[in-house]
Amino acid sequence: MQFENTLTFAQNLDGSDRLAGYRDKFHYPQINGKDVIYFTGNSLGLQPKNTRSYVDDVMKDWAELAVEGHFYAEKPWWDYHERLAKPLAKVVGAKTEEVSVMNTLTVNLHLLMVSFYRPTQKRFKILCEEKAFPSDQYMLQSQVRFHGLDPDNTIIEVKKREGEHFWRTEDIVSKIDEIGDELALVLIGGVNYYNGQVFDMKTITAKVRSTGAFVGWDLAHAVGNIELKLHDWDVDFAAWCSYKYMNSGPGNASGIFVNERYLNRKDIPRFEGWWGTKKETRFLMKPEFEPMHNADAWQLSNAPILSVAPYLASLQFFEEVGMSALLEKQQLLTAYLEFILHEVDKQVDSTFEIITPKERGCQLSVFLHGEGRPLFDYLMKNGVITDWREPNVIRLAPAPFYCSFEDMYRFGEILKAGILSK
Ligand SMILES: *Cc1c(COP(=O)(O)O)cnc(C)c1O
């Protein structure tokens, strides 16, 4: 498609956007009395308007039924989380039984490490990307120390090449070869939070599996943002948070994937609790743990319903739209944003370098050469919510549910005015 940097062109794209109706189904913060242009769905998605009723229902059931709500609420609490598995499995390309919703992301990574990081004298090394999200680094380091090992010679990082802003799959593959049978686990963020790169999860997973090591993915920036086929790729395990592209609300429930080959097994090391034991016999309060037949075996506690309900609300949209329509809009919208950036670049002295490689979801990370924090402040003051990373990178994530083509056009105008106003 031949893009044009005009309001009419952008509005025409909105006119033929099948998802355009979803804009009205979200709440927008206001700046100067107008809805903001929201680019930080990669940090915290906007609130869907239907979320409140899901939460209100739980509050009402709690008020009116109290403990009886566990079994007699319209959506009973004792198995409330099970409602999420099916729609969520579609989003991540899994079988329903491979998916569960529980806890929060870092907690779940720790729990999955209990099952999938079993270092031995020989096989103990972990491979990850350099400068992984800090929580993932702390998680890995503390797990390694917990096993009595030294992170310095246990955690191996794949680096970017000198002068490049992205990781190369072949460098990851050759690192895996280099570590050989000392490799216990590969755990990488499927979409990098900083540069927006999508890793070749299919190739890397197949490579790791061929070595006998485990492979897990942190999908915080991937879920709801790119196509995932966790089952077909034969991933061992994965976890993600739901408050970024999945719009479930701050700190709300996380999701996990456990490959079906690890289900229905008592020989898997796991930290266990009563919500992971078979629901048919759970309330017999037996001393013996009988794992649920699905990924719910990793559940510990009765579910935090007020944190799970908003996730169910948001999954309704994913069900209605489907990932392929969402991704189709996302690709066009991000391509249009890229075009707008190049157009503005031509009209001002500063140069923009998009450091996101072509393997991407909706995020574009942009190095604004010659600009600094004042430009970011200008954007925020003028109704563009984005985020700033030192020295001068802004991350722009136009989430397809609630960002429009007109937003991209208007952003370009504000950006240009901000640079020219210096
Ligand atoms: C957002 C994000 C997290 C956040 O972890 P929480 O436990 O939900 O606070 C962790 N890892 C990655 C890669 C992230 O992008």
# chains A, B, ... in the order shown; residues from 1 in each chain; ligands from 1

$ residues_around --residues "region 161-169 of chain A" --least-positions-apart "2" --cutoff "12 Å" --atoms "only C-alpha atoms" --output "PyMOL selection string"
chain A and resi 128-132+157-159+171-176+188-205+207+353-360+365-367

$ write_last_selection --atoms "N, CA and C atoms" --output "compact mmCIF listing (two decimals), in the first residue's frame"
# COMPACT_ATOMS: atom_id res chain seq x y z
N CYS A 128 20.56 -16.94 28.25
CA CYS A 128 19.52 -15.92 28.08
C CYS A 128 20.09 -14.77 27.24
N GLU A 129 19.28 -13.79 26.95
CA GLU A 129 19.73 -12.65 26.16
C GLU A 129 20.43 -11.64 27.08
N GLU A 130 21.40 -10.89 26.57
CA GLU A 130 22.04 -9.88 27.41
C GLU A 130 21.02 -8.79 27.73
N LYS A 131 21.17 -8.19 28.90
CA LYS A 131 20.26 -7.14 29.35
C LYS A 131 18.80 -7.57 29.29
N ALA A 132 18.53 -8.78 29.75
CA ALA A 132 17.14 -9.22 29.86
C ALA A 132 16.41 -8.27 30.81
N GLU A 157 25.10 -15.10 28.60
CA GLU A 157 24.26 -14.16 27.85
C GLU A 157 24.66 -14.10 26.39
N VAL A 158 23.66 -14.12 25.51
CA VAL A 158 23.94 -13.92 24.09
C VAL A 158 23.96 -12.42 23.85
N LYS A 159 25.04 -11.94 23.26
CA LYS A 159 25.17 -10.50 23.05
C LYS A 159 24.77 -10.10 21.63
N ASP A 171 23.63 -16.44 16.12
CA ASP A 171 24.52 -16.29 17.28
C ASP A 171 23.99 -17.07 18.49
N ILE A 172 22.66 -17.11 18.58
CA ILE A 172 22.05 -17.88 19.68
C ILE A 172 22.30 -19.37 19.45
N VAL A 173 22.10 -19.79 18.20
CA VAL A 173 22.30 -21.20 17.87
C VAL A 173 23.76 -21.61 18.11
N SER A 174 24.69 -20.74 17.73
CA SER A 174 26.08 -21.18 17.91
C SER A 174 26.49 -21.15 19.39
N LYS A 175 25.89 -20.27 20.16
CA LYS A 175 26.13 -20.29 21.61
C LYS A 175 25.63 -21.60 22.22
N ILE A 176 24.47 -22.04 21.74
CA ILE A 176 23.91 -23.31 22.24
C ILE A 176 24.89 -24.45 21.93
N ILE A 188 14.44 -16.95 27.40
CA ILE A 188 14.61 -15.65 26.74
C ILE A 188 13.24 -14.96 26.70
N GLY A 189 13.25 -13.64 26.67
CA GLY A 189 12.01 -12.89 26.45
C GLY A 189 11.64 -12.99 24.96
N GLY A 190 10.47 -13.53 24.66
CA GLY A 190 10.10 -13.80 23.26
C GLY A 190 10.07 -12.55 22.40
N VAL A 191 9.64 -11.43 22.99
CA VAL A 191 9.75 -10.13 22.34
C VAL A 191 10.53 -9.25 23.31
N ASN A 192 11.64 -8.69 22.85
CA ASN A 192 12.47 -7.90 23.76
C ASN A 192 11.78 -6.59 24.13
N TYR A 193 11.80 -6.29 25.41
CA TYR A 193 11.06 -5.11 25.88
C TYR A 193 11.68 -3.81 25.39
N TYR A 194 12.99 -3.83 25.11
CA TYR A 194 13.68 -2.58 24.79
C TYR A 194 13.63 -2.26 23.29
N ASN A 195 14.05 -3.23 22.47
CA ASN A 195 14.09 -2.92 21.03
C ASN A 195 12.89 -3.48 20.27
N GLY A 196 12.02 -4.20 20.95
CA GLY A 196 10.82 -4.70 20.28
C GLY A 196 11.05 -5.90 19.37
N GLN A 197 12.26 -6.46 19.39
CA GLN A 197 12.57 -7.59 18.51
C GLN A 197 11.79 -8.84 18.89
N VAL A 198 11.27 -9.52 17.86
CA VAL A 198 10.64 -10.82 18.06
C VAL A 198 11.70 -11.89 17.79
N PHE A 199 11.98 -12.72 18.77
CA PHE A 199 12.96 -13.80 18.57
C PHE A 199 12.33 -14.92 17.74
N ASP A 200 13.18 -15.63 17.04
CA ASP A 200 12.71 -16.76 16.23
C ASP A 200 12.49 -17.96 17.17
N MET A 201 11.33 -17.92 17.82
CA MET A 201 11.07 -18.91 18.87
C MET A 201 11.00 -20.32 18.33
N LYS A 202 10.53 -20.44 17.09
CA LYS A 202 10.39 -21.78 16.50
C LYS A 202 11.78 -22.42 16.32
N THR A 203 12.68 -21.68 15.67
CA THR A 203 14.01 -22.21 15.39
C THR A 203 14.79 -22.46 16.68
N ILE A 204 14.74 -21.48 17.58
CA ILE A 204 15.52 -21.61 18.82
C ILE A 204 14.99 -22.76 19.68
N THR A 205 13.65 -22.86 19.74
CA THR A 205 13.07 -23.94 20.53
C THR A 205 13.50 -25.29 19.98
N LYS A 207 16.09 -26.03 18.26
CA LYS A 207 17.53 -26.23 18.51
C LYS A 207 17.77 -26.69 19.96
N GLU A 353 16.37 6.99 14.18
CA GLU A 353 16.82 5.65 13.82
C GLU A 353 15.90 4.66 14.51
N ILE A 354 15.17 3.89 13.70
CA ILE A 354 14.30 2.87 14.29
C ILE A 354 15.18 1.67 14.60
N ILE A 355 15.35 1.38 15.88
CA ILE A 355 16.27 0.29 16.25
C ILE A 355 15.56 -1.06 16.33
N THR A 356 14.26 -1.06 16.11
CA THR A 356 13.51 -2.31 16.08
C THR A 356 13.75 -3.01 14.74
N PRO A 357 14.14 -4.28 14.76
CA PRO A 357 14.36 -4.97 13.49
C PRO A 357 13.03 -5.31 12.80
N LYS A 358 13.11 -5.86 11.61
CA LYS A 358 11.86 -6.13 10.87
C LYS A 358 11.05 -7.26 11.52
N GLU A 359 11.70 -8.10 12.32
CA GLU A 359 10.96 -9.11 13.09
C GLU A 359 10.40 -8.38 14.31
N ARG A 360 9.14 -7.95 14.22
CA ARG A 360 8.61 -7.10 15.28
C ARG A 360 7.13 -7.35 15.50
N SER A 365 10.93 1.04 18.57
CA SER A 365 11.81 1.79 19.47
C SER A 365 12.63 2.73 18.60
N VAL A 366 12.59 4.00 18.96
CA VAL A 366 13.16 5.01 18.07
C VAL A 366 14.24 5.80 18.79
N PHE A 367 15.42 5.79 18.20
CA PHE A 367 16.54 6.57 18.68
C PHE A 367 16.41 7.95 18.07

$ closest_atom_pairs --of "chain A" --to "ligand 1" --cutoff "7 Å" --atoms "only C-alpha atoms and all ligand atoms" --output "JSON lines"
{"residue": "A:Ser43", "atom": "CA", "partner": "ligand 1", "partner_atom_place_in_ligand_line": "1 (C)", "distance": 6.7}
{"residue": "A:Thr104", "atom": "CA", "partner": "ligand 1", "partner_atom_place_in_ligand_line": "7 (O)", "distance": 5.3}
{"residue": "A:Leu105", "atom": "CA", "partner": "ligand 1", "partner_atom_place_in_ligand_line": "7 (O)", "distance": 3.9}
{"residue": "A:Thr106", "atom": "CA", "partner": "ligand 1", "partner_atom_place_in_ligand_line": "7 (O)", "distance": 3.7}
{"residue": "A:Val107", "atom": "CA", "partner": "ligand 1", "partner_atom_place_in_ligand_line": "7 (O)", "distance": 6.3}
{"residue": "A:Ala132", "atom": "CA", "partner": "ligand 1", "partner_atom_place_in_ligand_line": "13 (C)", "distance": 6.9}
{"residue": "A:Phe133", "atom": "CA", "partner": "ligand 1", "partner_atom_place_in_ligand_line": "13 (C)", "distance": 4.8}
{"residue": "A:Ser135", "atom": "CA", "partner": "ligand 1", "partner_atom_place_in_ligand_line": "10 (C)", "distance": 5.4}
{"residue": "A:Asp136", "atom": "CA", "partner": "ligand 1", "partner_atom_place_in_ligand_line": "11 (N)", "distance": 5.5}
{"residue": "A:Gly189", "atom": "CA", "partner": "ligand 1", "partner_atom_place_in_ligand_line": "13 (C)", "distance": 5.4}
{"residue": "A:Tyr193", "atom": "CA", "partner": "ligand 1", "partner_atom_place_in_ligand_line": "15 (O)", "distance": 5.5}
{"residue": "A:Asp218", "atom": "CA", "partner": "ligand 1", "partner_atom_place_in_ligand_line": "13 (C)", "distance": 5.8}
{"residue": "A:Leu219", "atom": "CA", "partner": "ligand 1", "partner_atom_place_in_ligand_line": "13 (C)", "distance": 6.8}
{"residue": "A:Ala220", "atom": "CA", "partner": "ligand 1", "partner_atom_place_in_ligand_line": "15 (O)", "distance": 4.6}
{"residue": "A:His221", "atom": "CA", "partner": "ligand 1", "partner_atom_place_in_ligand_line": "15 (O)", "distance": 5.5}
{"residue": "A:Cys241", "atom": "CA", "partner": "ligand 1", "partner_atom_place_in_ligand_line": "8 (O)", "distance": 5.3}
{"residue": "A:Gly251", "atom": "CA", "partner": "ligand 1", "partner_atom_place_in_ligand_line": "8 (O)", "distance": 6.1}

$ select_by_dssp --residues "region 168-360 of chain A" --states "strand (DSSP E)" --output "number ranges by chain"
A: 183-189, 214-218, 237-240, 254-258, 351-354

$ write_last_selection --atoms "C-alpha atoms" --output "mmCIF file, in the first residue's frame"
data_model
loop_
_atom_site.group_PDB
_atom_site.id
_atom_site.type_symbol
_atom_site.label_atom_id
_atom_site.label_comp_id
_atom_site.auth_asym_id
_atom_site.auth_seq_id
_atom_site.Cartn_x
_atom_site.Cartn_y
_atom_site.Cartn_z
ATOM 1 C CA LEU A 183 23.290 -26.492 28.834
ATOM 2 C CA ALA A 184 20.365 -27.017 31.222
ATOM 3 C CA LEU A 185 17.961 -24.263 30.179
ATOM 4 C CA VAL A 186 17.369 -21.518 27.646
ATOM 5 C CA LEU A 187 15.060 -18.763 28.861
ATOM 6 C CA ILE A 188 14.606 -15.647 26.738
ATOM 7 C CA GLY A 189 12.005 -12.890 26.447
ATOM 8 C CA PHE A 214 14.713 -27.266 28.516
ATOM 9 C CA VAL A 215 13.435 -24.171 26.760
ATOM 10 C CA GLY A 216 11.120 -21.560 28.253
ATOM 11 C CA TRP A 217 9.922 -18.175 27.036
ATOM 12 C CA ASP A 218 8.953 -15.057 28.918
ATOM 13 C CA PHE A 237 7.100 -23.862 29.249
ATOM 14 C CA ALA A 238 6.235 -20.161 29.103
ATOM 15 C CA ALA A 239 4.768 -17.430 31.267
ATOM 16 C CA TRP A 240 3.419 -13.947 30.663
ATOM 17 C CA SER A 254 -0.387 -14.007 34.870
ATOM 18 C CA GLY A 255 -0.648 -16.954 32.488
ATOM 19 C CA ILE A 256 1.487 -20.051 32.112
ATOM 20 C CA PHE A 257 2.009 -22.675 29.433
ATOM 21 C CA VAL A 258 3.267 -26.146 30.259
ATOM 22 C CA THR A 351 17.410 11.981 12.393
ATOM 23 C CA PHE A 352 15.380 9.089 13.691
ATOM 24 C CA GLU A 353 16.818 5.650 13.817
ATOM 25 C CA ILE A 354 14.303 2.873 14.289
#

$ atom_distance --atom1 "CA of Tyr80 (chain A)" --atom2 "CA of Asp57 (chain A)"
12.5 Å

$ residues_around --residues "Ser404 (chain A)" --least-positions-apart "2" --cutoff "10 Å" --atoms "only C-alpha atoms" --output "PyMOL selection string"
chain A and resi 10-11+13-14+17+19-20+23+37-38+329+333+398-402+406-410

$ write_last_selection --atoms "N, CA and C atoms" --output "compact mmCIF listing (two decimals), in the first residue's frame"
# COMPACT_ATOMS: atom_id res chain seq x y z
N ALA A 10 -5.26 9.00 6.54
CA ALA A 10 -5.35 8.27 7.81
C ALA A 10 -6.81 7.96 8.15
N GLN A 11 -7.67 8.93 7.93
CA GLN A 11 -9.10 8.71 8.25
C GLN A 11 -9.71 7.65 7.32
N LEU A 13 -8.09 5.08 6.16
CA LEU A 13 -7.66 3.78 6.71
C LEU A 13 -8.54 3.40 7.91
N ASP A 14 -8.84 4.38 8.75
CA ASP A 14 -9.74 4.10 9.88
C ASP A 14 -11.11 3.67 9.38
N ASP A 17 -11.17 0.05 8.65
CA ASP A 17 -10.61 -0.80 9.71
C ASP A 17 -11.74 -1.56 10.40
N LEU A 19 -11.61 -3.21 13.00
CA LEU A 19 -11.53 -3.13 14.47
C LEU A 19 -11.82 -1.73 15.00
N ALA A 20 -12.14 -0.82 14.10
CA ALA A 20 -12.30 0.58 14.51
C ALA A 20 -13.30 0.73 15.66
N ARG A 23 -12.33 1.06 19.51
CA ARG A 23 -11.85 2.30 20.15
C ARG A 23 -12.80 2.79 21.23
N ILE A 37 -3.17 10.12 22.83
CA ILE A 37 -2.67 9.12 21.89
C ILE A 37 -1.81 8.19 22.73
N TYR A 38 -2.22 6.95 22.85
CA TYR A 38 -1.64 6.06 23.86
C TYR A 38 -0.68 5.06 23.23
N LYS A 329 -4.38 -5.86 11.51
CA LYS A 329 -4.44 -4.42 11.75
C LYS A 329 -3.11 -3.92 12.33
N LEU A 333 -0.93 -0.84 10.97
CA LEU A 333 -0.82 0.34 11.83
C LEU A 333 0.64 0.65 12.15
N PRO A 398 1.75 1.14 19.21
CA PRO A 398 0.35 1.41 18.87
C PRO A 398 -0.48 0.12 18.93
N ALA A 399 -1.09 -0.13 20.07
CA ALA A 399 -1.87 -1.36 20.23
C ALA A 399 -3.10 -1.30 19.32
N PRO A 400 -3.32 -2.35 18.54
CA PRO A 400 -4.35 -2.30 17.51
C PRO A 400 -5.79 -2.21 18.02
N PHE A 401 -6.03 -2.62 19.27
CA PHE A 401 -7.41 -2.53 19.76
C PHE A 401 -7.87 -1.07 19.89
N TYR A 402 -6.95 -0.20 20.34
CA TYR A 402 -7.45 1.14 20.67
C TYR A 402 -6.68 2.29 20.03
N GLU A 406 -5.50 7.65 12.45
CA GLU A 406 -5.50 9.10 12.68
C GLU A 406 -4.55 9.46 13.84
N ASP A 407 -4.51 8.62 14.86
CA ASP A 407 -3.57 8.84 15.97
C ASP A 407 -2.14 8.93 15.44
N MET A 408 -1.79 8.06 14.49
CA MET A 408 -0.42 8.03 13.96
C MET A 408 -0.13 9.34 13.22
N TYR A 409 -1.11 9.76 12.42
CA TYR A 409 -0.94 11.01 11.69
C TYR A 409 -0.75 12.18 12.67
N ARG A 410 -1.65 12.24 13.66
CA ARG A 410 -1.60 13.35 14.62
C ARG A 410 -0.30 13.32 15.44
